[in-house]
Number of protein chains: 2
Amino acid sequence: MIKENFEKYIVGLQNKITLKLEEIDRVAKFREDNWTRPGGGGGKTKVMENGKVFEKAGVNTSSVYGSLPEPMQKLFQVEEAKFSACGLSLVIHPQNPMVPTVHANWRYFELYDAQNKKIDAWFGGGQDLTPYYLFEEDAKHFHRVYKKVCDKYDPMFYSEFKKACDEYFWNTHRNEARGVGGLFFDYLKESEKTSLEQWHRFVTETGNKFLESYIPIVEKRKNHPYTEHNRKWQEIRRGRYVEFNLIHDRGTLFGFKTKGRIESILMSLPPHAQWIYDYHPAPESAEENLLKVLQTPVAWVED
Amino acid sequence: MIKENFEKYIVGLQNKITLKLEEIDRVAKFREDNWTRPGGGGGKTKVMENGKVFEKAGVNTSSVYGSLPEPMQKLFQVEEAKFSACGLSLVIHPQNPMVPTVHANWRYFELYDAQNKKIDAWFGGGQDLTPYYLFEEDAKHFHRVYKKVCDKYDPMFYSEFKKACDEYFWNTHRNEARGVGGLFFDYLKESEKTSLEQWHRFVTETGNKFLESYIPIVEKRKNHPYTEHNRKWQEIRRGRYVEFNLIHDRGTLFGFKTKGRIESILMSLPPHAQWIYDYHPAPESAEENLLKVLQTPVAWVED
């Protein structure tokens, strides 16, 4: 029943999040596209563009199943197998460069043998924040919300998943973080310590906290004045976001390998991006300060 | 001596090409950066930005050597080995959306065993054109110049290298070509039919023809009137260019794997790119016409 419950959960969360974003934006509405995957399953893509507050926001759910593609077999170290995967994936790129981009994902995966017997199951996901201008209190707020959820389950979860997030969202070819992190977890499987049902509760609770983690930051910064220069910096940093998603992101690669709907996979890409050769911000500027912070993971809240 | 001669050749060609581009642009100049690679070798990066004609143009030479990184060992199916690689790589993104982007690369690779004995050597490279608005006569001109070079060496070369180009510059995840192709060749090794010296002459001759293949197109289109809409379409298509280079391009991956200078590798990325969700050009527009042409390789000149 975990699968059915989680499928219902993500569709409900998708509605809750998109309604809230529309309420804040007041101008733009989400467009909805339902799609089916030839190999099995499909999804519901919701995208808002050119809003007053949100320049581009995608909130997608999908539930796909079928034969596990060969490259995924290698990854999971199994022979011929079947799989089902359902999840919600969102990326929000606001207009104002003072408002950070946010990404979140909550997913559940089941693996079956050739006789359709379930052989494995796990949860994965996380939430991370990518500011263009750093307001430390925003990063702290974001981390604090998720730490509180983690602490209810295990005193080690926050530091473990925070570290995994810093490691995962690392642009190795630039030697810098994509943003200020958050949580990242994968292969959350049934163990002696934690049942799959407990993981289920943990993951859905981080999902329930998403609006609380992000919306107060949007409200606080959305009318902050900004210049053309700030906007240019936002687009340069969005170039780094593109680099991470196309070069490193496992979710994007999973989408390609399972032949998911390409426009749904790439809705994560920012509306505008720039690449200027060998760009360096002015010494001691706010832009340079961000770069310094992205070079070493920061302990945003006390462990 | 092939290596030394080719190294001299690419530096000369780099000067020739950058001088010509400056002459045409009249406003912007190339900035020159010399860099060294910790593992051995280095390069000379030349980049021009915000010109009147050229929005961003990178013309780079490099000559690197050292231990062959492990992922490259697998690719070349060798054990522990040393390598040297030198080449010229260029990408030119013009301002005017009626002028196509062009990419070219000419390179020479040598492989040595642990005792520094040369065990293999080959040339590689090619040239390809990426229009935003299709002028068939431009595509034909570009292909015709290179066919003439090919035909001097072997009547089969043009069709073989043209086909390889169509296959290589294929954005599999979009199921469309990056542009209208040109030539692509790799692993041009000594054989009974062709000596390495002949490959050397062939590759340098395609290099010598680069300005003749591209500059007349620039001259013809650089003052063509265009609208904001044309510019938007150019940026959307430049998004596809980013996708190809970061997801599929072997040269970019080679640069990452051999820990080349990141700003030199990514100089190929366009100055501005856009991603609009599920964008479709108007039916029977010039934009839709381009997309149709990119779906099936075209025989631009008679074989």
# chains A, B, ... in the order shown; residues from 1 in each chain; ligands from 1
>>> closest_atom_pairs(of="chain A", to="chain B", cutoff="9 Å", atoms="only C-alpha atoms", output="JSON lines")
{"residue": "A:Val47", "atom": "CA", "partner": "B:Tyr277", "partner_atom": "CA", "distance": 7.4}
{"residue": "A:Met48", "atom": "CA", "partner": "B:Tyr277", "partner_atom": "CA", "distance": 8.9}
{"residue": "A:Glu49", "atom": "CA", "partner": "B:Tyr277", "partner_atom": "CA", "distance": 8.0}
{"residue": "A:Lys56", "atom": "CA", "partner": "B:Ile276", "partner_atom": "CA", "distance": 8.5}
{"residue": "A:His173", "atom": "CA", "partner": "B:Phe256", "partner_atom": "CA", "distance": 6.7}
{"residue": "A:Arg174", "atom": "CA", "partner": "B:Ile262", "partner_atom": "CA", "distance": 7.3}
{"residue": "A:Glu235", "atom": "CA", "partner": "B:His272", "partner_atom": "CA", "distance": 8.7}
{"residue": "A:Gly239", "atom": "CA", "partner": "B:Ala273", "partner_atom": "CA", "distance": 8.8}
{"residue": "A:Val242", "atom": "CA", "partner": "B:Val242", "partner_atom": "CA", "distance": 8.6}
{"residue": "A:Glu243", "atom": "CA", "partner": "B:Leu246", "partner_atom": "CA", "distance": 7.0}
{"residue": "A:Leu246", "atom": "CA", "partner": "B:Ile247", "partner_atom": "CA", "distance": 5.9}
{"residue": "A:Ile247", "atom": "CA", "partner": "B:Leu246", "partner_atom": "CA", "distance": 5.9}
{"residue": "A:Phe256", "atom": "CA", "partner": "B:His173", "partner_atom": "CA", "distance": 6.7}
{"residue": "A:Lys259", "atom": "CA", "partner": "B:His173", "partner_atom": "CA", "distance": 8.3}
{"residue": "A:Ile262", "atom": "CA", "partner": "B:His173", "partner_atom": "CA", "distance": 7.1}
{"residue": "A:Glu263", "atom": "CA", "partner": "B:Asp278", "partner_atom": "CA", "distance": 5.8}
{"residue": "A:Ser264", "atom": "CA", "partner": "B:Tyr277", "partner_atom": "CA", "distance": 8.3}
{"residue": "A:Leu266", "atom": "CA", "partner": "B:Tyr277", "partner_atom": "CA", "distance": 8.2}
{"residue": "A:Met267", "atom": "CA", "partner": "B:Tyr277", "partner_atom": "CA", "distance": 6.1}
{"residue": "A:Leu269", "atom": "CA", "partner": "B:Trp275", "partner_atom": "CA", "distance": 6.4}
{"residue": "A:Pro270", "atom": "CA", "partner": "B:Trp275", "partner_atom": "CA", "distance": 6.3}
{"residue": "A:Pro271", "atom": "CA", "partner": "B:Trp275", "partner_atom": "CA", "distance": 4.8}
{"residue": "A:His272", "atom": "CA", "partner": "B:Gln274", "partner_atom": "CA", "distance": 4.5}
{"residue": "A:Ala273", "atom": "CA", "partner": "B:Ala273", "partner_atom": "CA", "distance": 5.3}
{"residue": "A:Gln274", "atom": "CA", "partner": "B:His272", "partner_atom": "CA", "distance": 4.5}
{"residue": "A:Trp275", "atom": "CA", "partner": "B:Pro271", "partner_atom": "CA", "distance": 4.8}
{"residue": "A:Ile276", "atom": "CA", "partner": "B:Pro271", "partner_atom": "CA", "distance": 6.1}
{"residue": "A:Tyr277", "atom": "CA", "partner": "B:Met267", "partner_atom": "CA", "distance": 6.1}
{"residue": "A:Asp278", "atom": "CA", "partner": "B:Glu263", "partner_atom": "CA", "distance": 5.8}
>>> residues_around(residues="stretch 143-148 of chain A", least_positions_apart="3", cutoff="9 Å", atoms="only C-alpha atoms", output="ChimeraX atom specification")
/A:127-128,138-140,151-152,157-159,162,181-183,206,209-210,212-213,300-301,303
>>> write_last_selection(atoms="N, CA and C atoms", output="mmCIF file, in the first residue's frame")
data_model
loop_
_atom_site.group_PDB
_atom_site.id
_atom_site.type_symbol
_atom_site.label_atom_id
_atom_site.label_comp_id
_atom_site.auth_asym_id
_atom_site.auth_seq_id
_atom_site.Cartn_x
_atom_site.Cartn_y
_atom_site.Cartn_z
ATOM 1 N N GLN A 127 15.788 18.492 -0.777
ATOM 2 C CA GLN A 127 15.437 19.878 -1.111
ATOM 3 C C GLN A 127 16.714 20.694 -1.001
ATOM 4 N N ASP A 128 16.936 21.569 -1.973
ATOM 5 C CA ASP A 128 18.124 22.421 -1.870
ATOM 6 C C ASP A 128 17.872 23.798 -2.461
ATOM 7 N N ASP A 138 18.230 33.523 5.321
ATOM 8 C CA ASP A 138 17.389 32.685 4.463
ATOM 9 C C ASP A 138 17.911 31.241 4.435
ATOM 10 N N ALA A 139 19.227 31.127 4.270
ATOM 11 C CA ALA A 139 19.831 29.786 4.258
ATOM 12 C C ALA A 139 19.576 29.096 5.598
ATOM 13 N N LYS A 140 19.715 29.858 6.673
ATOM 14 C CA LYS A 140 19.494 29.282 8.013
ATOM 15 C C LYS A 140 18.042 28.835 8.185
ATOM 16 N N ASP A 151 15.212 15.772 13.094
ATOM 17 C CA ASP A 151 15.433 15.508 14.522
ATOM 18 C C ASP A 151 14.311 14.696 15.160
ATOM 19 N N LYS A 152 13.103 14.811 14.591
ATOM 20 C CA LYS A 152 11.986 14.026 15.121
ATOM 21 C C LYS A 152 12.206 12.536 14.904
ATOM 22 N N PHE A 157 20.134 12.177 11.444
ATOM 23 C CA PHE A 157 19.639 12.364 10.068
ATOM 24 C C PHE A 157 20.065 13.693 9.449
ATOM 25 N N TYR A 158 19.893 14.776 10.229
ATOM 26 C CA TYR A 158 20.174 16.079 9.619
ATOM 27 C C TYR A 158 21.615 16.177 9.144
ATOM 28 N N SER A 159 22.556 15.848 10.016
ATOM 29 C CA SER A 159 23.960 16.017 9.605
ATOM 30 C C SER A 159 24.306 15.067 8.460
ATOM 31 N N LYS A 162 22.400 16.405 5.244
ATOM 32 C CA LYS A 162 22.939 17.717 4.880
ATOM 33 C C LYS A 162 24.293 17.525 4.178
ATOM 34 N N GLY A 181 22.757 24.197 -0.361
ATOM 35 C CA GLY A 181 22.378 22.871 0.112
ATOM 36 C C GLY A 181 21.029 22.775 0.773
ATOM 37 N N GLY A 182 20.900 21.741 1.603
ATOM 38 C CA GLY A 182 19.636 21.400 2.230
ATOM 39 C C GLY A 182 19.744 19.940 2.651
ATOM 40 N N LEU A 183 18.806 19.121 2.203
ATOM 41 C CA LEU A 183 18.886 17.679 2.474
ATOM 42 C C LEU A 183 18.981 16.913 1.164
ATOM 43 N N THR A 206 8.965 15.755 5.096
ATOM 44 C CA THR A 206 9.814 16.796 4.482
ATOM 45 C C THR A 206 9.038 17.469 3.346
ATOM 46 N N LYS A 209 6.702 20.072 4.579
ATOM 47 C CA LYS A 209 7.360 21.280 5.090
ATOM 48 C C LYS A 209 7.903 22.166 3.977
ATOM 49 N N PHE A 210 7.758 21.745 2.737
ATOM 50 C CA PHE A 210 8.377 22.497 1.651
ATOM 51 C C PHE A 210 7.930 23.963 1.614
ATOM 52 N N GLU A 212 6.667 25.816 3.898
ATOM 53 C CA GLU A 212 7.174 26.535 5.079
ATOM 54 C C GLU A 212 8.665 26.873 4.942
ATOM 55 N N SER A 213 9.403 26.017 4.231
ATOM 56 C CA SER A 213 10.850 26.260 4.095
ATOM 57 C C SER A 213 11.150 27.357 3.071
ATOM 58 N N TRP A 300 25.022 25.731 8.472
ATOM 59 C CA TRP A 300 24.035 26.814 8.593
ATOM 60 C C TRP A 300 23.302 26.801 9.919
ATOM 61 N N VAL A 301 23.135 25.605 10.487
ATOM 62 C CA VAL A 301 22.528 25.527 11.820
ATOM 63 C C VAL A 301 23.364 24.599 12.682
ATOM 64 N N ASP A 303 24.497 21.569 14.777
ATOM 65 C CA ASP A 303 24.132 20.142 14.718
ATOM 66 C C ASP A 303 23.436 19.726 16.005
#
>>> calpha_fit_and_write(fixed="chain B", moving="chain A", output="short mmCIF file (atom, residue, chain, number, x, y, z; two decimals) with C-alpha atoms, in the first residue's frame")
data_model
loop_
_atom_site.label_atom_id
_atom_site.label_comp_id
_atom_site.auth_asym_id
_atom_site.auth_seq_id
_atom_site.Cartn_x
_atom_site.Cartn_y
_atom_site.Cartn_z
CA MET A 1 58.10 15.51 -37.15
CA ILE A 2 54.34 15.38 -37.81
CA LYS A 3 53.62 16.43 -34.27
CA GLU A 4 56.00 19.40 -34.33
CA ASN A 5 54.76 20.50 -37.75
CA PHE A 6 51.13 20.22 -36.74
CA GLU A 7 51.74 22.16 -33.52
CA LYS A 8 53.28 24.99 -35.52
CA TYR A 9 50.48 24.76 -38.06
CA ILE A 10 47.62 25.19 -35.56
CA VAL A 11 49.26 28.20 -33.89
CA GLY A 12 49.68 29.81 -37.32
CA LEU A 13 46.07 29.02 -38.22
CA GLN A 14 44.88 30.43 -34.91
CA ASN A 15 46.60 33.72 -35.73
CA LYS A 16 45.25 33.78 -39.27
CA ILE A 17 41.66 33.12 -38.17
CA THR A 18 41.64 35.56 -35.25
CA LEU A 19 43.16 38.34 -37.38
CA LYS A 20 40.48 37.85 -40.02
CA LEU A 21 37.67 37.86 -37.44
CA GLU A 22 39.00 41.09 -35.91
CA GLU A 23 39.25 42.64 -39.35
CA ILE A 24 35.60 41.86 -40.03
CA ASP A 25 34.33 42.81 -36.61
CA ARG A 26 36.17 46.16 -36.50
CA VAL A 27 35.09 46.75 -32.88
CA ALA A 28 36.11 43.89 -30.62
CA LYS A 29 39.57 42.39 -30.20
CA PHE A 30 40.63 38.93 -29.07
CA ARG A 31 41.84 38.61 -25.52
CA GLU A 32 44.65 36.06 -25.15
CA ASP A 33 45.16 33.71 -22.19
CA ASN A 34 48.05 31.32 -21.94
CA TRP A 35 47.55 28.47 -19.54
CA THR A 36 49.49 25.44 -18.36
CA ARG A 37 48.08 22.08 -17.43
CA PRO A 38 49.36 20.68 -14.11
CA GLY A 39 49.68 17.18 -15.65
CA GLY A 40 51.69 18.46 -18.66
CA GLY A 41 51.37 20.95 -21.49
CA GLY A 42 48.99 23.86 -21.87
CA GLY A 43 47.36 26.12 -24.37
CA LYS A 44 46.56 29.51 -25.76
CA THR A 45 42.93 30.62 -25.49
CA LYS A 46 41.73 33.54 -27.58
CA VAL A 47 38.26 34.90 -26.94
CA MET A 48 36.42 37.90 -28.40
CA GLU A 49 33.17 39.09 -26.82
CA ASN A 50 30.50 41.70 -27.54
CA GLY A 51 31.75 42.56 -30.99
CA LYS A 52 29.66 44.27 -33.63
CA VAL A 53 29.52 41.12 -35.76
CA PHE A 54 30.67 38.42 -33.33
CA GLU A 55 28.88 38.15 -30.02
CA LYS A 56 31.30 35.53 -28.72
CA ALA A 57 34.13 33.80 -30.54
CA GLY A 58 36.70 31.44 -29.06
CA VAL A 59 39.69 30.17 -31.02
CA ASN A 60 41.85 27.94 -28.84
CA THR A 61 44.98 25.93 -29.35
CA SER A 62 46.33 23.44 -26.87
CA SER A 63 49.08 20.89 -26.66
CA VAL A 64 48.80 18.61 -23.68
CA TYR A 65 50.58 15.42 -22.66
CA GLY A 66 51.02 13.06 -19.72
CA SER A 67 49.54 9.89 -18.30
CA LEU A 68 46.39 8.81 -20.07
CA PRO A 69 43.50 9.23 -17.59
CA GLU A 70 41.72 5.99 -16.71
CA PRO A 71 38.42 6.69 -18.48
CA MET A 72 40.44 7.43 -21.65
CA GLN A 73 42.32 4.12 -21.27
CA LYS A 74 39.00 2.32 -21.45
CA LEU A 75 37.92 4.35 -24.46
CA PHE A 76 41.13 3.59 -26.38
CA GLN A 77 41.29 0.01 -25.05
CA VAL A 78 44.83 0.30 -23.75
CA GLU A 79 46.51 -0.36 -20.42
CA GLU A 80 48.56 2.25 -18.60
CA ALA A 81 49.75 4.63 -21.29
CA LYS A 82 50.95 8.13 -22.03
CA PHE A 83 49.48 10.49 -24.55
CA SER A 84 50.03 13.75 -26.33
CA ALA A 85 47.22 15.69 -27.96
CA CYS A 86 47.37 18.98 -29.81
CA GLY A 87 44.68 20.80 -31.65
CA LEU A 88 42.77 23.90 -32.52
CA SER A 89 39.16 24.27 -31.47
CA LEU A 90 36.91 27.15 -32.40
CA VAL A 91 33.31 28.19 -31.90
CA ILE A 92 31.93 31.44 -33.30
CA HIS A 93 28.56 32.80 -32.14
CA PRO A 94 27.60 35.85 -34.22
CA GLN A 95 25.24 38.63 -33.06
CA ASN A 96 22.88 38.54 -36.02
CA PRO A 97 20.51 35.53 -35.90
CA MET A 98 20.76 35.27 -39.70
CA VAL A 99 24.46 34.37 -39.40
CA PRO A 100 25.03 30.75 -38.39
CA THR A 101 27.21 29.62 -35.51
CA VAL A 102 30.22 27.61 -36.66
CA HIS A 103 32.42 25.09 -34.91
CA ALA A 104 35.67 23.56 -36.10
CA ASN A 105 38.38 21.39 -34.65
CA TRP A 106 41.61 19.90 -35.98
CA ARG A 107 43.61 17.64 -33.70
CA TYR A 108 46.46 15.15 -33.61
CA PHE A 109 46.84 12.45 -31.01
CA GLU A 110 49.77 10.18 -30.10
CA LEU A 111 49.73 7.29 -27.68
CA TYR A 112 52.84 5.86 -25.95
CA ASP A 113 53.46 2.80 -23.83
CA ALA A 114 55.04 2.91 -20.36
CA GLN A 115 58.51 2.99 -22.00
CA ASN A 116 57.53 6.08 -24.01
CA LYS A 117 57.45 4.15 -27.25
CA LYS A 118 54.86 5.50 -29.67
CA ILE A 119 52.19 2.85 -30.13
CA ASP A 120 49.53 4.74 -32.04
CA ALA A 121 48.82 8.07 -33.74
CA TRP A 122 45.84 9.63 -35.48
CA PHE A 123 44.20 12.80 -36.68
CA GLY A 124 40.66 13.92 -35.98
CA GLY A 125 38.42 16.93 -36.35
CA GLY A 126 35.85 18.52 -38.58
CA GLN A 127 33.74 21.59 -39.20
CA ASP A 128 30.01 22.07 -38.82
CA LEU A 129 27.50 24.85 -39.26
CA THR A 130 24.53 25.69 -36.99
CA PRO A 131 22.07 28.15 -38.54
CA TYR A 132 19.15 29.75 -36.69
CA TYR A 133 17.48 30.68 -39.95
CA LEU A 134 18.18 28.48 -42.91
CA PHE A 135 19.58 29.92 -46.13
CA GLU A 136 20.07 26.85 -48.25
CA GLU A 137 22.72 28.48 -50.39
CA ASP A 138 24.84 29.03 -47.23
CA ALA A 139 24.65 25.37 -46.24
CA LYS A 140 25.50 24.39 -49.81
CA HIS A 141 28.46 26.76 -49.95
CA PHE A 142 29.85 25.43 -46.67
CA HIS A 143 29.56 21.80 -47.77
CA ARG A 144 30.87 22.50 -51.26
CA VAL A 145 34.13 23.98 -49.96
CA TYR A 146 34.88 20.90 -47.91
CA LYS A 147 33.71 18.46 -50.55
CA LYS A 148 36.26 19.97 -52.90
CA VAL A 149 39.04 19.28 -50.40
CA CYS A 150 37.80 15.74 -49.79
CA ASP A 151 37.56 14.93 -53.50
CA LYS A 152 41.23 15.76 -54.02
CA TYR A 153 42.11 12.89 -51.70
CA ASP A 154 39.46 10.23 -52.17
CA PRO A 155 36.07 10.24 -53.91
CA MET A 156 34.56 8.51 -50.85
CA PHE A 157 35.81 10.92 -48.19
CA TYR A 158 33.10 13.53 -48.51
CA SER A 159 30.13 11.19 -48.21
CA GLU A 160 31.84 9.26 -45.42
CA PHE A 161 32.82 12.28 -43.31
CA LYS A 162 29.56 14.11 -44.04
CA LYS A 163 27.60 11.11 -42.78
CA ALA A 164 29.81 10.86 -39.69
CA CYS A 165 29.11 14.54 -39.02
CA ASP A 166 25.35 14.09 -39.27
CA GLU A 167 25.60 11.16 -36.87
CA TYR A 168 27.90 12.84 -34.39
CA PHE A 169 26.08 16.18 -34.04
CA TRP A 170 22.79 14.51 -33.28
CA ASN A 171 20.97 15.59 -30.13
CA THR A 172 19.65 12.10 -29.33
CA HIS A 173 17.46 13.32 -26.44
CA ARG A 174 15.73 15.78 -28.84
CA ASN A 175 15.90 13.55 -31.89
CA GLU A 176 17.20 16.35 -34.07
CA ALA A 177 20.49 17.53 -35.56
CA ARG A 178 22.42 20.35 -33.93
CA GLY A 179 22.77 22.02 -37.31
CA VAL A 180 23.29 21.36 -41.01
CA GLY A 181 26.52 19.41 -40.54
CA GLY A 182 29.74 19.50 -42.49
CA LEU A 183 32.61 17.05 -41.98
CA PHE A 184 33.54 14.93 -38.99
CA PHE A 185 36.49 12.55 -38.88
CA ASP A 186 38.31 10.70 -36.12
CA TYR A 187 40.96 7.98 -35.75
CA LEU A 188 42.50 8.84 -39.12
CA LYS A 189 45.37 6.40 -38.83
CA GLU A 190 48.12 5.16 -41.11
CA SER A 191 46.71 2.48 -43.41
CA GLU A 192 47.64 0.69 -46.62
CA LYS A 193 45.59 3.23 -48.49
CA THR A 194 46.55 6.41 -46.67
CA SER A 195 49.78 7.31 -44.90
CA LEU A 196 49.77 9.44 -41.75
CA GLU A 197 51.53 12.12 -43.80
CA GLN A 198 48.61 12.14 -46.24
CA TRP A 199 46.14 12.48 -43.37
CA HIS A 200 48.28 15.33 -42.12
CA ARG A 201 47.96 17.10 -45.49
CA PHE A 202 44.24 16.39 -45.68
CA VAL A 203 43.49 17.74 -42.20
CA THR A 204 45.61 20.87 -42.61
CA GLU A 205 43.95 21.53 -45.95
CA THR A 206 40.48 21.46 -44.40
CA GLY A 207 41.86 23.90 -41.81
CA ASN A 208 43.20 26.16 -44.56
CA LYS A 209 39.74 26.25 -46.12
CA PHE A 210 37.94 27.30 -42.96
CA LEU A 211 37.84 31.04 -43.67
CA GLU A 212 36.70 30.39 -47.25
CA SER A 213 33.89 28.16 -45.97
CA TYR A 214 32.54 30.58 -43.37
CA ILE A 215 33.49 34.21 -44.01
CA PRO A 216 31.47 34.67 -47.22
CA ILE A 217 28.36 33.59 -45.25
CA VAL A 218 29.14 36.13 -42.52
CA GLU A 219 29.66 38.90 -45.08
CA LYS A 220 26.42 38.07 -46.83
CA ARG A 221 24.20 37.92 -43.71
CA LYS A 222 25.78 40.19 -41.12
CA ASN A 223 23.66 43.23 -42.04
CA HIS A 224 20.46 41.31 -42.66
CA PRO A 225 17.63 43.01 -40.72
CA TYR A 226 16.25 41.07 -37.77
CA THR A 227 13.64 41.42 -35.02
CA GLU A 228 13.43 40.70 -31.30
CA HIS A 229 11.53 37.58 -32.25
CA ASN A 230 14.46 36.37 -34.40
CA ARG A 231 16.80 37.02 -31.52
CA LYS A 232 14.61 35.06 -29.11
CA TRP A 233 14.60 32.11 -31.50
CA GLN A 234 18.40 32.33 -31.75
CA GLU A 235 18.62 32.11 -27.94
CA ILE A 236 16.24 29.14 -27.79
CA ARG A 237 18.32 27.31 -30.39
CA ARG A 238 21.48 28.24 -28.49
CA GLY A 239 19.91 26.37 -25.58
CA ARG A 240 20.04 23.27 -27.79
CA TYR A 241 23.69 24.04 -28.51
CA VAL A 242 24.37 24.05 -24.76
CA GLU A 243 22.52 20.76 -24.41
CA PHE A 244 24.63 19.11 -27.11
CA ASN A 245 27.92 20.37 -25.73
CA LEU A 246 27.26 19.44 -22.10
CA ILE A 247 25.43 16.14 -22.64
CA HIS A 248 27.00 14.61 -25.76
CA ASP A 249 30.16 16.34 -26.96
CA ARG A 250 33.23 14.11 -26.67
CA GLY A 251 35.63 17.06 -26.84
CA THR A 252 34.01 18.66 -23.80
CA LEU A 253 34.07 15.36 -21.91
CA PHE A 254 37.72 14.82 -22.95
CA GLY A 255 38.49 18.27 -21.53
CA PHE A 256 36.82 17.44 -18.22
CA LYS A 257 38.50 14.03 -17.96
CA THR A 258 41.99 15.33 -18.72
CA LYS A 259 41.39 18.23 -16.31
CA GLY A 260 41.87 20.89 -18.95
CA ARG A 261 41.29 24.57 -18.17
CA ILE A 262 37.56 24.85 -17.61
CA GLU A 263 37.10 28.34 -19.09
CA SER A 264 38.87 27.22 -22.27
CA ILE A 265 36.71 24.11 -22.58
CA LEU A 266 33.46 25.98 -21.97
CA MET A 267 34.25 28.97 -24.19
CA SER A 268 32.11 27.04 -26.70
CA LEU A 269 28.95 27.88 -24.75
CA PRO A 270 26.83 30.67 -26.23
CA PRO A 271 26.67 34.13 -24.63
CA HIS A 272 22.89 33.93 -24.04
CA ALA A 273 20.51 30.98 -24.05
CA GLN A 274 16.83 30.52 -23.24
CA TRP A 275 14.71 27.58 -22.22
CA ILE A 276 10.99 28.04 -22.74
CA TYR A 277 8.79 25.12 -21.74
CA ASP A 278 7.56 23.07 -24.71
CA TYR A 279 8.16 25.85 -27.25
CA HIS A 280 6.81 25.29 -30.76
CA PRO A 281 7.32 27.79 -33.57
CA ALA A 282 4.32 28.94 -35.60
CA PRO A 283 3.20 26.55 -38.37
CA GLU A 284 4.98 27.13 -41.69
CA SER A 285 7.23 29.80 -40.18
CA ALA A 286 10.95 30.05 -40.99
CA GLU A 287 11.59 28.66 -37.50
CA GLU A 288 9.45 25.60 -38.12
CA ASN A 289 11.14 25.10 -41.47
CA LEU A 290 14.53 24.91 -39.73
CA LEU A 291 13.22 22.28 -37.30
CA LYS A 292 11.93 20.17 -40.16
CA VAL A 293 15.28 20.31 -41.91
CA LEU A 294 17.07 19.31 -38.69
CA GLN A 295 15.00 16.16 -38.40
CA THR A 296 16.54 14.40 -41.39
CA PRO A 297 20.06 14.91 -42.76
CA VAL A 298 20.00 16.73 -46.09
CA ALA A 299 22.25 16.04 -49.10
CA TRP A 300 23.45 19.63 -49.53
CA VAL A 301 25.67 18.87 -52.50
CA GLU A 302 25.69 16.08 -55.06
CA ASP A 303 27.88 13.16 -54.06
#
>>> select_by_dssp(residues="stretch 110-248 of chain B", states="helix (DSSP H, G or I)", output="PyMOL selection string")
chain B and resi 136-153+157-168+196-208+210-221+228-248
>>> select_by_dssp(residues="stretch 29-200 of chain B", states="strand (DSSP E or B)", output="PyMOL selection string")
chain B and resi 31-36+41-49+54-67+82-94+101-112+118-130+170-171+176-177+181-188
